Structures are given as structure tokens and as C-alpha cells.
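**Q** One structure, pasted below without further comment.
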Amino acid sequence: MAYGAFSSPLKGLPDSIINDLGFSDKYPLAVTRFLVKENRLPAFLYVYFSDMDKPIHKKGPSYMGGLYKFDRELQSLLDSFGSWEQALEKVTWIICGDSGQTATLPPEKDPVIPLHKLLKGYQRLQPGKKTTPDTELVLCVNARMAYIYALKPTVRIPDLVTDLKEEPRIDLLSWREEEWIHVLHVGRNKQLKYRPGKTWTDPYNQKWEIQGEMEALGITADPRGKRLAFGEYPDPLSRLAGAHFSHSGRFLVVTAGPGYELVADHSPTHQGGGGHGSLHQTDSLVPLIITGTNLRPNHSRIVDLKAFLIDLLTEHTSPGQ
């Protein structure tokens with residue numbers, strides 16, 4: 001909240017160049033402790049601790065050092081209230097992870113899926129270059145998922161699917177045709193398509209029309225009650241729809257299977273470490289701790305925290321404030 005200020009009102013905080021310009025746990029911890037001790041906490045404060053991400057990417061999700069460090073930071077924050085009891089009485093606490101981490105296999109297990117080699121027959125945008133009329137594909141890779149953009153109309157998405165579905169380390173391939181979202185599970189060779197509808201209701205009371213093999217997304221269906229249950233892919237229909245309708249363009253969504261990660265020409269790798277980005281539950285499930293209120297989110301999803309926070313602020317704020 002003080003980033004970019006020429007004259008920060010919060011003096012003496014660890015935001016210098018030797019402290020990562022404030023982009024480390026030291027800065028949000030110091031700011032929050034300062035606000036607590038000065039009795040200047042706002043109605044809502046979002047505090048982001050990011051230090052745990054890098055060592056887990058490097059050492060894998062079994063590495064506990066980052067968790068121990070965060071535990072000490074949380075203790076320090078609670079101590080700033082005078083006692084932990086006062087901390088729980090004065091403040092509603094919501095502690096939530098932003099993503100899971102899936103262990104990446106070591107180098108000898110060949111965990112890296114080179115999309116640039118699998119699609120070497122196309123003219124791809126090279127790192128640091130600009131597109132030209134001849135550019136056919138743009139690869140946007142983020143560890144265990146990727147968007148593959150088809151720029152020229154001569155590049156057909158089904159042809160890209162054909163090129164990639166022979167790679168067994170790929171988990172899911174998904175693309176959109178008008179309002180229909182298609183999903184192919186590479187390992188199971190199962191495929192479905194779906195769109196918002198009225199036929200099936202999922203655990204979050206979202207309604208869908210689905211055609212094809214539900215095993216493609218690990219979905220089990222109750223044909224009598226028309227209810228869906230999800231397995232290893234939490235809330236997959238809504239999350240994939242969000243990806244496909246979040247922006248325009250013709251593109252293919254690719255996710256890697258557990259233990260593997262995707263790369264393009266110069267992508268970093270995390271072999272023997274950890275990665276995330278896919279729909280799989282190990283990438284997706286996070287801890288959520290709530291105390292100081294009897295209210296609860298409607299569902300245990302990060303997207304449900306918005307309405308929950310609005311309810312909290314409405315409950316604790318009188319009209320006109």
C-alpha cells in the first residue's frame with residue numbers, strides 16, 4: 001500500500017533495494033505490525049506473503065522450511081496485538097493459500113514437455129520478437145499449463161490437438177468452438193464438450209449441458225437427480241470456462257500431467273522441485289483458516305471469498321461508514 005510513494009508515511013520499513021524493494025515477506029509483515037501497534041488497521045487489510053513460493057518451486061512441496069518461516073512470521077504478527085487472545089478478539093482472520101504445488105519429477109524421469117519441439121512445424125513467435133504476417137503460433141507457457149494461440153486462419157485448432165495428443169505426459173487439451181468448450185483427456189483418450197445450460201447441476205449449483213464422456217474431467221454423474229460430482233479436478237467446468245471466455249482469440253489450453261511441466265524455447269524448469277497452473281487437485285487445493293466470525297463462505301473456493309468478505313464488511317460496518 002506504500003509502493004510507489006515518493007514520501008512513504010511508513011518510515012523505517014524494509015523496502016530498500018537490499019530487501020527486494022519490499023517484495024518479500026519482511027515488508028508486509030513490518031507494515032501490518034506497524035498498523036497494529038499504531039491502532040491504524042483499516043476495515044479490510046490484504047497481506048500477501050510470497051517468500052514460500054520460490055523455495056517450493058526449487059525443492060518441491062515436501063520442503064517444510066518455507067512453512068516454518070511463515071509460521072514464525074504469523075507468530076510475530078499475532079504478538080504485535082499484545083497477546084494472541086487479543087489478536088483473535090479484535091480481528092477476523094482469514095488465512096488462505098493462493099495455489100497448490102505439484103511435485104515435478106527429477107531430470108532422469110524426463111519431466112519436461114517441450115511444446116516448441118512438438119510444434120516445430122509451425123512458424124512460432126520467438127522470445128523478444130514481434131509478430132509478423134508469417135507468425136502462425138504464440139506459445140504462452142506457465143509451468144504446468146499453457147495457452148497456444150493460433151494467429152493465422154490456416155492454422156486449425158483440431159490439427160494442433162492431433163499434434164499434441166500423442167504426447168502421453170500431457171494431461172488435458174481444451175478448446176472452444178462458439179459456445180461449446182471441448183476437453184480431451186490424453187491419457188484416458190476420453191473427450192467431452194459442454195456449455196452453460198440446465199441439464200446438470202454441479203456441487204456449486206452451476207448448471208451445464210454436457211455431451212460426451214464425463215471421465216475426461218473425472219466427473220461422476222447421478223442420472224436420476226441430474227447432479228454432478230467432481231474428482232481430481234476441482235470445479236473444472238467453471239474454471240475452464242473462465243479461461244476460455246476471459247479473453248478473445250483462437251487458442252488451445254494445455255495442461256501437464258502430475259509430475260510434468262511444459263516449456264517453450266527458453267522457459268525455466270523446476271525439475272525435482274514443484275510447479276502449478278493446471279486443473280489437477282494437487283495444483284488447486286489450498287488451506288483456508290477462518291476465525292473471529294461465525295460467518296462462512298457459501299462454498300470452499302477462492303472465488304467465493306469475495307461475497308464472504310462483502311458480507312463480513314457489511315456486518316461489521318454501520319450504515320454511512
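How things are named: the first chain in the C-alpha cells is A, the next is B, and so on; residues count from 1 in each chain; ligands count from 1 in the order shown.
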Dump as a Markdown table the rows for residues of region 163-236 of chain A within 12 Å of region 115-130 of chain A: closest atom pair and distance in Å with one decimal, only C-alpha atoms counted, ordered by chain and rising residue number.
**A**
```
| residue | atom | partner | partner_atom | distance |
| --- | --- | --- | --- | --- |
| A:Asp163 | CA | A:Leu118 | CA | 7.2 |
| A:Leu164 | CA | A:Leu118 | CA | 6.9 |
| A:Lys165 | CA | A:Leu118 | CA | 10.3 |
| A:Glu166 | CA | A:Leu118 | CA | 9.8 |
| A:Glu167 | CA | A:Leu118 | CA | 8.5 |
| A:Arg169 | CA | A:Leu115 | CA | 11.4 |
| A:Ile170 | CA | A:Leu115 | CA | 10.2 |
```
**Q** Produce a table with one row for each residue of region 212-249 of chain A that has an atom at most 12 Å from any atom of region 146-154 of chain A, each row naming the nearest atom pair and its distance in Å at one decimal; use only C-alpha atoms; arrange rows by chain and rising residue number; format as a Markdown table.
**A**
```
| residue | atom | partner | partner_atom | distance |
| --- | --- | --- | --- | --- |
| A:Ala243 | CA | A:Tyr147 | CA | 9.5 |
| A:His244 | CA | A:Tyr147 | CA | 9.9 |
| A:His247 | CA | A:Tyr147 | CA | 11.5 |
| A:Ser248 | CA | A:Tyr149 | CA | 10.3 |
| A:Gly249 | CA | A:Tyr149 | CA | 7.2 |
```
**Q** Those same residues - N, CA and C atoms - I'd like them written as a compact mmCIF listing (two decimals), in the first residue's frame.
**A**
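File produced: part.txt:
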```txt
# COMPACT_ATOMS: atom_id res chain seq x y z
N ALA A 243 -11.29 -19.64 -18.20
CA ALA A 243 -10.09 -19.49 -19.03
C ALA A 243 -10.46 -19.19 -20.47
N HIS A 244 -11.45 -19.89 -20.99
CA HIS A 244 -11.81 -19.74 -22.40
C HIS A 244 -12.52 -18.43 -22.71
N HIS A 247 -10.80 -13.98 -22.46
CA HIS A 247 -10.25 -13.11 -23.48
C HIS A 247 -10.55 -13.70 -24.85
N SER A 248 -10.37 -12.88 -25.86
CA SER A 248 -10.71 -13.30 -27.23
C SER A 248 -9.52 -14.00 -27.88
N GLY A 249 -9.78 -14.55 -29.05
CA GLY A 249 -8.73 -15.22 -29.80
C GLY A 249 -9.02 -16.70 -29.98
```
**Q** Using only C-alpha atoms, which of A:Thr135, A:Ser99, A:Ser76, A:Ser83 sits nearest Ser50 (chain A)?
**A**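 Using only C-alpha atoms, Ser50 (chain A) sits closest to A:Ser99.
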**Q** Excluding Pro55 (chain A) and its own-chain neighbours fewer than 6 positions away, which residues fall within 10 Å of it when counting only C-alpha atoms? Please give them as a list in words.
**A**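 Counting only the stated atoms, we get Pro61, Tyr63, Met64, Gly65, Gly66, Gly273 and Gly274 of chain A.
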**Q** Using N, CA and C atoms, can you write the selected residues to a file as a JSON list (two decimals), in the first residue's frame?
**A**
```
[["chain", "number", "residue", "atom", "x", "y", "z"],
["A", 61, "PRO", "N", 7.12, -29.63, -3.01],
["A", 61, "PRO", "CA", 6.11, -29.36, -1.98],
["A", 61, "PRO", "C", 6.38, -30.04, -0.65],
["A", 63, "TYR", "N", 9.11, -29.76, 0.94],
["A", 63, "TYR", "CA", 10.02, -28.89, 1.69],
["A", 63, "TYR", "C", 9.22, -28.08, 2.72],
["A", 64, "MET", "N", 9.62, -28.17, 3.98],
["A", 64, "MET", "CA", 8.86, -27.55, 5.06],
["A", 64, "MET", "C", 9.47, -26.24, 5.55],
["A", 65, "GLY", "N", 10.66, -25.89, 5.07],
["A", 65, "GLY", "CA", 11.32, -24.69, 5.56],
["A", 65, "GLY", "C", 10.50, -23.43, 5.37],
["A", 66, "GLY", "N", 9.83, -23.29, 4.21],
["A", 66, "GLY", "CA", 9.01, -22.11, 3.96],
["A", 66, "GLY", "C", 7.82, -22.04, 4.90],
["A", 273, "GLY", "N", 11.63, -30.21, -8.36],
["A", 273, "GLY", "CA", 11.03, -29.23, -7.46],
["A", 273, "GLY", "C", 9.52, -29.30, -7.49],
["A", 274, "GLY", "N", 8.88, -28.17, -7.73],
["A", 274, "GLY", "CA", 7.43, -28.14, -7.75],
["A", 274, "GLY", "C", 6.92, -27.14, -8.77]]
```
**Q** List every residue of region 217-308 of chain A that DSSP, applied to the backbone of this structure, assigns to helix (DSSP H, G or I), and report them as number ranges by chain.
**A** A: 217, 236-245, 281-284, 302-308
**Q** Residues as selected, N, CA, C and O atoms, written as a short mmCIF file (atom, residue, chain, number, x, y, z; two decimals), in the first residue's frame, can you do that?
**A**
```cif
data_model
loop_
_atom_site.label_atom_id
_atom_site.label_comp_id
_atom_site.auth_asym_id
_atom_site.auth_seq_id
_atom_site.Cartn_x
_atom_site.Cartn_y
_atom_site.Cartn_z
N LEU A 217 -13.02 -35.40 -17.51
CA LEU A 217 -12.72 -34.49 -16.41
C LEU A 217 -12.95 -35.13 -15.05
O LEU A 217 -13.09 -34.43 -14.05
N PRO A 236 -13.96 -28.11 -12.35
CA PRO A 236 -13.27 -27.96 -13.64
C PRO A 236 -14.08 -27.23 -14.70
O PRO A 236 -13.51 -26.52 -15.55
N LEU A 237 -15.40 -27.38 -14.69
CA LEU A 237 -16.21 -26.79 -15.74
C LEU A 237 -16.17 -25.26 -15.66
O LEU A 237 -15.96 -24.57 -16.66
N SER A 238 -16.36 -24.73 -14.46
CA SER A 238 -16.34 -23.29 -14.29
C SER A 238 -14.95 -22.71 -14.53
O SER A 238 -14.80 -21.65 -15.16
N ARG A 239 -13.92 -23.40 -14.06
CA ARG A 239 -12.56 -22.88 -14.20
C ARG A 239 -12.10 -22.87 -15.66
O ARG A 239 -11.49 -21.90 -16.13
N LEU A 240 -12.41 -23.92 -16.39
CA LEU A 240 -12.06 -23.95 -17.81
C LEU A 240 -12.86 -22.92 -18.59
O LEU A 240 -12.34 -22.26 -19.49
N ALA A 241 -14.14 -22.78 -18.24
CA ALA A 241 -14.95 -21.76 -18.92
C ALA A 241 -14.38 -20.38 -18.66
O ALA A 241 -14.34 -19.53 -19.56
N GLY A 242 -13.93 -20.14 -17.44
CA GLY A 242 -13.32 -18.86 -17.13
C GLY A 242 -12.10 -18.60 -17.98
O GLY A 242 -11.88 -17.47 -18.45
N ALA A 243 -11.29 -19.64 -18.20
CA ALA A 243 -10.09 -19.49 -19.03
C ALA A 243 -10.46 -19.19 -20.47
O ALA A 243 -9.87 -18.31 -21.12
N HIS A 244 -11.45 -19.89 -20.99
CA HIS A 244 -11.81 -19.74 -22.40
C HIS A 244 -12.52 -18.43 -22.71
O HIS A 244 -12.37 -17.88 -23.80
N PHE A 245 -13.31 -17.96 -21.76
CA PHE A 245 -14.09 -16.74 -22.02
C PHE A 245 -13.46 -15.50 -21.39
O PHE A 245 -14.05 -14.43 -21.41
N GLN A 281 -6.00 -31.43 -8.77
CA GLN A 281 -6.23 -31.08 -7.38
C GLN A 281 -4.95 -30.73 -6.63
O GLN A 281 -4.96 -29.88 -5.72
N THR A 282 -3.83 -31.34 -7.00
CA THR A 282 -2.60 -31.01 -6.29
C THR A 282 -2.12 -29.60 -6.61
O THR A 282 -1.41 -28.99 -5.81
N ASP A 283 -2.50 -29.06 -7.74
CA ASP A 283 -2.22 -27.66 -8.08
C ASP A 283 -3.23 -26.72 -7.46
O ASP A 283 -2.95 -25.52 -7.29
N SER A 284 -4.41 -27.23 -7.15
CA SER A 284 -5.58 -26.38 -6.91
C SER A 284 -5.99 -26.25 -5.45
O SER A 284 -6.51 -25.20 -5.05
N ILE A 302 -11.84 -20.13 -3.65
CA ILE A 302 -11.30 -18.78 -3.54
C ILE A 302 -12.27 -17.77 -4.11
O ILE A 302 -12.42 -16.66 -3.58
N VAL A 303 -12.97 -18.11 -5.21
CA VAL A 303 -13.90 -17.15 -5.83
C VAL A 303 -15.05 -16.80 -4.90
O VAL A 303 -15.68 -15.75 -5.05
N ASP A 304 -15.35 -17.67 -3.94
CA ASP A 304 -16.45 -17.40 -3.01
C ASP A 304 -16.04 -16.46 -1.89
O ASP A 304 -16.89 -16.00 -1.12
N LEU A 305 -14.75 -16.17 -1.77
CA LEU A 305 -14.29 -15.27 -0.71
C LEU A 305 -14.75 -13.83 -0.95
O LEU A 305 -14.89 -13.06 0.00
N LYS A 306 -14.96 -13.45 -2.21
CA LYS A 306 -15.39 -12.07 -2.48
C LYS A 306 -16.72 -11.78 -1.78
O LYS A 306 -16.84 -10.78 -1.03
N ALA A 307 -17.73 -12.60 -2.03
CA ALA A 307 -19.03 -12.38 -1.41
C ALA A 307 -18.93 -12.50 0.11
O ALA A 307 -19.60 -11.76 0.85
N PHE A 308 -18.10 -13.42 0.57
CA PHE A 308 -17.90 -13.61 2.00
C PHE A 308 -17.32 -12.35 2.64
O PHE A 308 -17.77 -11.89 3.70
#
```
**Q** Please measure the separation of CA of Leu192 (chain A) and CA of Gly277 (chain A), giving the value in Å to one decimal.
**A**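 Between CA of Leu192 (chain A) and CA of Gly277 (chain A) the gap is 21.5 Å.
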**Q** Ranking A:Pro133, A:Gly97, A:Pro168, A:Gly60 by minimum distance to Gly257 (chain A) and counting only C-alpha atoms, which one comes first?
**A**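 Looking at the shortest contact to Gly257 (chain A), the residue is A:Pro168.
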**Q** Hey, which of A:Pro203, A:Glu85, A:Glu38, A:Lys26 ends up closest to Ile219 (chain A)? Count only C-alpha atoms.
**A**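 Once distances to Ile219 (chain A) are computed over only C-alpha atoms, the minimum belongs to A:Pro203.
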**Q** Can you measure CA of Trp200 (chain A) to CA of Glu232 (chain A) for me? One decimal in Å is fine.
**A**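 We find that CA of Trp200 (chain A) and CA of Glu232 (chain A) lie 18.9 Å from each other.
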**Q** If you run DSSP on the backbone, which residues of region 98-257 of chain A are strand (DSSP E), as a ChimeraX atom specification?
**A** /A:102-103,112-114,137-142,145-150,170-177,180-185,190-201,207-212,220-222,227-229,251-256
**Q** Using only C-alpha atoms, which of A:Val91, A:Ala30, A:Leu285, A:Ile157 sits nearest Arg176 (chain A)?
**A**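 Closest to Arg176 (chain A), using only C-alpha atoms: A:Ile157.
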